[in-house]
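Presented below is the structure to which this report refers.
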Amino acid sequence: DALSHTALPGIIGAFLVAHWFESTGGSLAENGVSFHALMLGGAVLAGVLTAFLTETVRRLGSVESSAALGVVYTSLFALGLLMVRLFADDLPHVDADCVLYGNVEIVVLDTIGQTDIPVAAVMSGIALLVNLLLVLLCFKELRIATFDPALASSLGLRTTVVNYVLMAVTAVTLVSAFRSVGSILVITVLVAPAASAWLLSERLGAMLSVTVLLAGVSAILGHLLAIVAPVAIFQPLGFAEVDDASTSGMTSLVCGGIFLLALLFSPKRGLITTAVRQTQLSFRIACEDVLGMLYRQDEVSDTVTLTPQFAGWTRTVSPIISRLAMWRLQRRGLLATVGTGYGLTDLGRDAAEKLVRSHRLWESYMARHFPLPDDHLHETAHRVEHYLDDPLLYELEKNWINREKTRMVD
């Protein structure tokens with residue numbers, strides 16, 4: 001994100017150098033320097049300068065690294081826009097709108113020589129190849145230097161060099177796309193697909209692949225929607241003059257929409273998914289609490305069928321949840337209606353017995369291994385009993401049996 005901002009003064013500076021050289025009667029081509037190579041050099045210098053200034057501000061100002069980066073990238077981006085206004089506003093091919101929004105709709109017209117190959121496609125292809133080679137050849141070094149620089153340094157890896165190389169390659173990637181898509185879309189595509197992929201994946205390799213996939217899908221959908229959506233939305237409203245929209249803006253909108261969907265519905269981190277999962281867990285615990293309550297009443301009562309006393313239970317569970325829990329248990333054949341109350345079926349008694357057994361085994365384990373007063377054991381076991389699986393129950397039971405054997409021998 002920062003480099004997509006800070007590359008701007010480097011690119012504008014290189015453009016001004018090229019314009020000055022041409023105005024003095026010189027020719028970049030005759031001196032063996034291409035315009036794109038000059039832009040690339042300016043962006044790389046800006047990237048290295050960003051890393052240097054960020055580290056300097058962090059060290060001298062004693063501030064956190066992301067805060068130092070924020071100071072540097074906003075300052076350099078403002079400097080780049082100021083350079084546009086002061087020195088390049090009257091020059092052809094450079095204006096603030098072009099810098100911000102690019103010209104992706106007509107970029108195919110800028111071709112190589114007499115061919116039909118767009119310059120932007122070649123530049124982007126080279127940037128893709130450089131990034132692929134860097135990731136494939138230096139994946140382990142990049143990963144450890146990024147996530148644990150202290151460990152990387154202790155292993156002899158020069159993290160500062162890795163950081164500068166990463167900055168330089170990112171700057172190359174930026175300048176390859178800057179002229180065609182503009183600063184806003186570069187920022188969006190660098191950040192939003194990666195953030196979405198982080199919500200959808202927990203492994204770095206998969207995250208990189210998902211990021212590239214989401215970025216490609218966003219570009220295709222963004223271009224299609226820029227053509228189709230304005231006509232479909234605005235012309236029925238009476239705006240006949242609206243027949244398309246900016247591809248850069250629509251692609252940014254699609255990137256944001258994909259991120260929003262991932263934020264809401266990600267399998268493990270989505271807000272709605274998490275809320276549904278927590279609700280399901282609370283409902284399951286409520287159902288199991290009913291079974292446990294009935295089973296304990298069955299142990300101390302002379303009657304076969306029981307009516308649970310919900311006075312204590314409904315203080316922590318809403319009436320709606322309690323009614324749904326009873327309905328669910330009846331549908332599963334765990335409860336049966338008896339008069340005005342409920343009783344455990346044979347299937348329900350088996351399930352309740354397993355739950356209460358889990359509770360008591362955990363109480364026994366804590367009583368032996370933790371210095372807790374007796375009145376603290378029940379509440380803790382009541383919470384844990386809903387999460388004990390069969391292998392853990394087996395271990396707890398084996399621990400209890402061994403303890404009883406030891407006690408009998410003593």
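Residues are named by chain letter and number: chains run A, B, ... in the order of the structure tokens, numbers start at 1 in each chain, and ligands are numbered from 1 in the order shown.
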
request  = Identify, on the basis of only C-alpha atoms, every residue whose closest approach to A:Ile220 does not exceed 12 Å; exclude the query and any residue fewer than 6 positions from it along the same chain; express the result as an MDAnalysis selection string.
outcome  = chainID A and resid 213:214 226:227 247:248 250:252 254:255

Give me a file of those residues, with N, CA and C atoms, as a CSV table (one decimal), in the first residue's frame.
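Writing the result to out.csv gives the following:
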```csv
chain,number,residue,atom,x,y,z
A,213,LEU,N,-5.8,-15.3,-7.9
A,213,LEU,CA,-7.1,-15.6,-8.5
A,213,LEU,C,-8.2,-14.5,-8.3
A,214,LEU,N,-8.3,-14.0,-7.1
A,214,LEU,CA,-9.3,-13.0,-6.8
A,214,LEU,C,-9.0,-11.7,-7.5
A,226,ALA,N,-18.3,-2.4,-15.8
A,226,ALA,CA,-18.2,-1.1,-16.2
A,226,ALA,C,-19.0,-0.8,-17.5
A,227,ILE,N,-19.1,-1.9,-18.3
A,227,ILE,CA,-19.8,-1.7,-19.6
A,227,ILE,C,-21.3,-2.0,-19.4
A,247,THR,N,-13.5,1.6,-15.7
A,247,THR,CA,-13.0,0.3,-15.4
A,247,THR,C,-12.3,0.2,-14.1
A,248,SER,N,-11.4,1.2,-13.9
A,248,SER,CA,-10.6,1.2,-12.7
A,248,SER,C,-11.5,1.3,-11.5
A,250,MET,N,-14.7,0.6,-11.2
A,250,MET,CA,-15.6,-0.6,-11.1
A,250,MET,C,-14.8,-1.8,-10.6
A,251,THR,N,-13.5,-1.9,-11.0
A,251,THR,CA,-12.7,-3.0,-10.5
A,251,THR,C,-12.4,-2.8,-9.0
A,252,SER,N,-12.2,-1.6,-8.6
A,252,SER,CA,-12.0,-1.3,-7.2
A,252,SER,C,-13.3,-1.7,-6.4
A,254,VAL,N,-15.5,-4.0,-7.2
A,254,VAL,CA,-15.6,-5.5,-7.2
A,254,VAL,C,-14.6,-6.0,-6.1
A,255,CYS,N,-13.4,-5.5,-6.1
A,255,CYS,CA,-12.4,-5.9,-5.1
A,255,CYS,C,-13.0,-5.7,-3.7
```

remark   = Closest of A:Gly222, A:Gly42, A:Pro193, A:Gly125 to A:Leu260, counting only C-alpha atoms, is A:Pro193

message = When you look at stretch 126-128 of chain A with a cut-off of 10 Å (counting only C-alpha atoms), what residues show up, excluding the ones that are within fewer than 2 positions of it in the same chain? I need them as a list in words.
response =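 Near neighbours after the sequence-gap exclusion: Ala120, Ala121, Val122, Met123, Ser124, Val130, Asn131, Leu132, Leu133, Leu134, Val169, Thr170, Ala171, Val172, Thr173, Leu174, Val175, Ser176 and Ala177 of chain A.
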
inquiry  = Give me, as a PyMOL selection string, the residues of stretch 19-159 of chain A that a backbone DSSP run labels alpha helix (DSSP H).
reply    = chain A and resi 19-23+35-61+65-83+96-101+119-147+149-154+159

ask   = Residues at most 8 Å from stretch 152-155 of chain A, counting only C-alpha atoms, excluding those fewer than 5 positions away in the same chain, as a PyMOL selection string?
value = chain A and resi 141+144-145

key: Pairwise distance for atom CA of A:Leu76 and atom CA of A:Pro9, rounded to one decimal in Å   = 6.7 Å

Residues near A:Tyr365, cut-off 10 Å, only C-alpha atoms, skip fewer than 2 positions along chain, as a PyMOL selection string = chain A and resi 360-363+367-370+377+381+396-397+399-400+403

Using the selection just defined, write its residues with N, CA, C and O atoms as a PDB file, in the first residue's frame.
```
ATOM      1  N   ARG A 360     -18.561 -35.724  35.394  1.00  0.00           N
ATOM      2  CA  ARG A 360     -17.997 -36.256  36.627  1.00  0.00           C
ATOM      3  C   ARG A 360     -16.550 -36.700  36.453  1.00  0.00           C
ATOM      4  O   ARG A 360     -15.739 -36.575  37.381  1.00  0.00           O
ATOM      5  N   LEU A 361     -16.202 -37.199  35.282  1.00  0.00           N
ATOM      6  CA  LEU A 361     -14.804 -37.551  35.040  1.00  0.00           C
ATOM      7  C   LEU A 361     -13.920 -36.306  35.060  1.00  0.00           C
ATOM      8  O   LEU A 361     -12.805 -36.340  35.587  1.00  0.00           O
ATOM      9  N   TRP A 362     -14.422 -35.231  34.493  1.00  0.00           N
ATOM     10  CA  TRP A 362     -13.632 -33.999  34.494  1.00  0.00           C
ATOM     11  C   TRP A 362     -13.532 -33.420  35.914  1.00  0.00           C
ATOM     12  O   TRP A 362     -12.484 -32.900  36.299  1.00  0.00           O
ATOM     13  N   GLU A 363     -14.607 -33.512  36.675  1.00  0.00           N
ATOM     14  CA  GLU A 363     -14.547 -33.082  38.071  1.00  0.00           C
ATOM     15  C   GLU A 363     -13.491 -33.886  38.836  1.00  0.00           C
ATOM     16  O   GLU A 363     -12.696 -33.327  39.600  1.00  0.00           O
ATOM     17  N   ALA A 367     -10.123 -32.365  40.526  1.00  0.00           N
ATOM     18  CA  ALA A 367      -9.952 -32.507  41.965  1.00  0.00           C
ATOM     19  C   ALA A 367      -8.585 -33.103  42.305  1.00  0.00           C
ATOM     20  O   ALA A 367      -8.004 -32.787  43.350  1.00  0.00           O
ATOM     21  N   ARG A 368      -8.074 -33.926  41.407  1.00  0.00           N
ATOM     22  CA  ARG A 368      -6.786 -34.559  41.675  1.00  0.00           C
ATOM     23  C   ARG A 368      -5.605 -33.689  41.240  1.00  0.00           C
ATOM     24  O   ARG A 368      -4.573 -33.665  41.906  1.00  0.00           O
ATOM     25  N   HIS A 369      -5.750 -32.975  40.139  1.00  0.00           N
ATOM     26  CA  HIS A 369      -4.592 -32.304  39.543  1.00  0.00           C
ATOM     27  C   HIS A 369      -4.576 -30.790  39.734  1.00  0.00           C
ATOM     28  O   HIS A 369      -3.567 -30.152  39.417  1.00  0.00           O
ATOM     29  N   PHE A 370      -5.666 -30.203  40.206  1.00  0.00           N
ATOM     30  CA  PHE A 370      -5.703 -28.750  40.354  1.00  0.00           C
ATOM     31  C   PHE A 370      -6.094 -28.388  41.786  1.00  0.00           C
ATOM     32  O   PHE A 370      -7.025 -28.982  42.340  1.00  0.00           O
ATOM     33  N   LEU A 377     -15.486 -26.780  41.392  1.00  0.00           N
ATOM     34  CA  LEU A 377     -15.326 -27.862  40.422  1.00  0.00           C
ATOM     35  C   LEU A 377     -16.547 -28.009  39.525  1.00  0.00           C
ATOM     36  O   LEU A 377     -16.424 -28.234  38.319  1.00  0.00           O
ATOM     37  N   ALA A 381     -16.612 -27.913  35.370  1.00  0.00           N
ATOM     38  CA  ALA A 381     -16.952 -29.157  34.674  1.00  0.00           C
ATOM     39  C   ALA A 381     -18.209 -28.998  33.831  1.00  0.00           C
ATOM     40  O   ALA A 381     -18.341 -29.602  32.761  1.00  0.00           O
ATOM     41  N   LEU A 396      -9.476 -39.874  30.349  1.00  0.00           N
ATOM     42  CA  LEU A 396      -9.921 -39.480  31.680  1.00  0.00           C
ATOM     43  C   LEU A 396     -10.389 -40.684  32.485  1.00  0.00           C
ATOM     44  O   LEU A 396     -10.109 -40.797  33.696  1.00  0.00           O
ATOM     45  N   GLU A 397     -11.108 -41.594  31.816  1.00  0.00           N
ATOM     46  CA  GLU A 397     -11.592 -42.789  32.514  1.00  0.00           C
ATOM     47  C   GLU A 397     -10.420 -43.683  32.927  1.00  0.00           C
ATOM     48  O   GLU A 397     -10.411 -44.235  34.034  1.00  0.00           O
ATOM     49  N   ASN A 399      -7.421 -42.659  33.570  1.00  0.00           N
ATOM     50  CA  ASN A 399      -6.764 -41.980  34.684  1.00  0.00           C
ATOM     51  C   ASN A 399      -7.510 -42.222  35.991  1.00  0.00           C
ATOM     52  O   ASN A 399      -6.894 -42.454  37.046  1.00  0.00           O
ATOM     53  N   TRP A 400      -8.843 -42.196  35.913  1.00  0.00           N
ATOM     54  CA  TRP A 400      -9.649 -42.421  37.120  1.00  0.00           C
ATOM     55  C   TRP A 400      -9.488 -43.863  37.617  1.00  0.00           C
ATOM     56  O   TRP A 400      -9.364 -44.098  38.824  1.00  0.00           O
ATOM     57  N   ARG A 403      -6.198 -44.286  39.304  1.00  0.00           N
ATOM     58  CA  ARG A 403      -6.197 -43.655  40.618  1.00  0.00           C
ATOM     59  C   ARG A 403      -6.914 -44.524  41.640  1.00  0.00           C
ATOM     60  O   ARG A 403      -6.471 -44.675  42.791  1.00  0.00           O
TER      61      ARG A 403
END
```

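Atom CA of A:Ala168 lies 21.1 Å from atom CA of A:Leu16.
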
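With only C-alpha atoms as the basis for measurement, A:Arg269 is the residue among A:Arg269, A:His376, A:His223, A:Arg331 that approaches A:Ser201 most closely.
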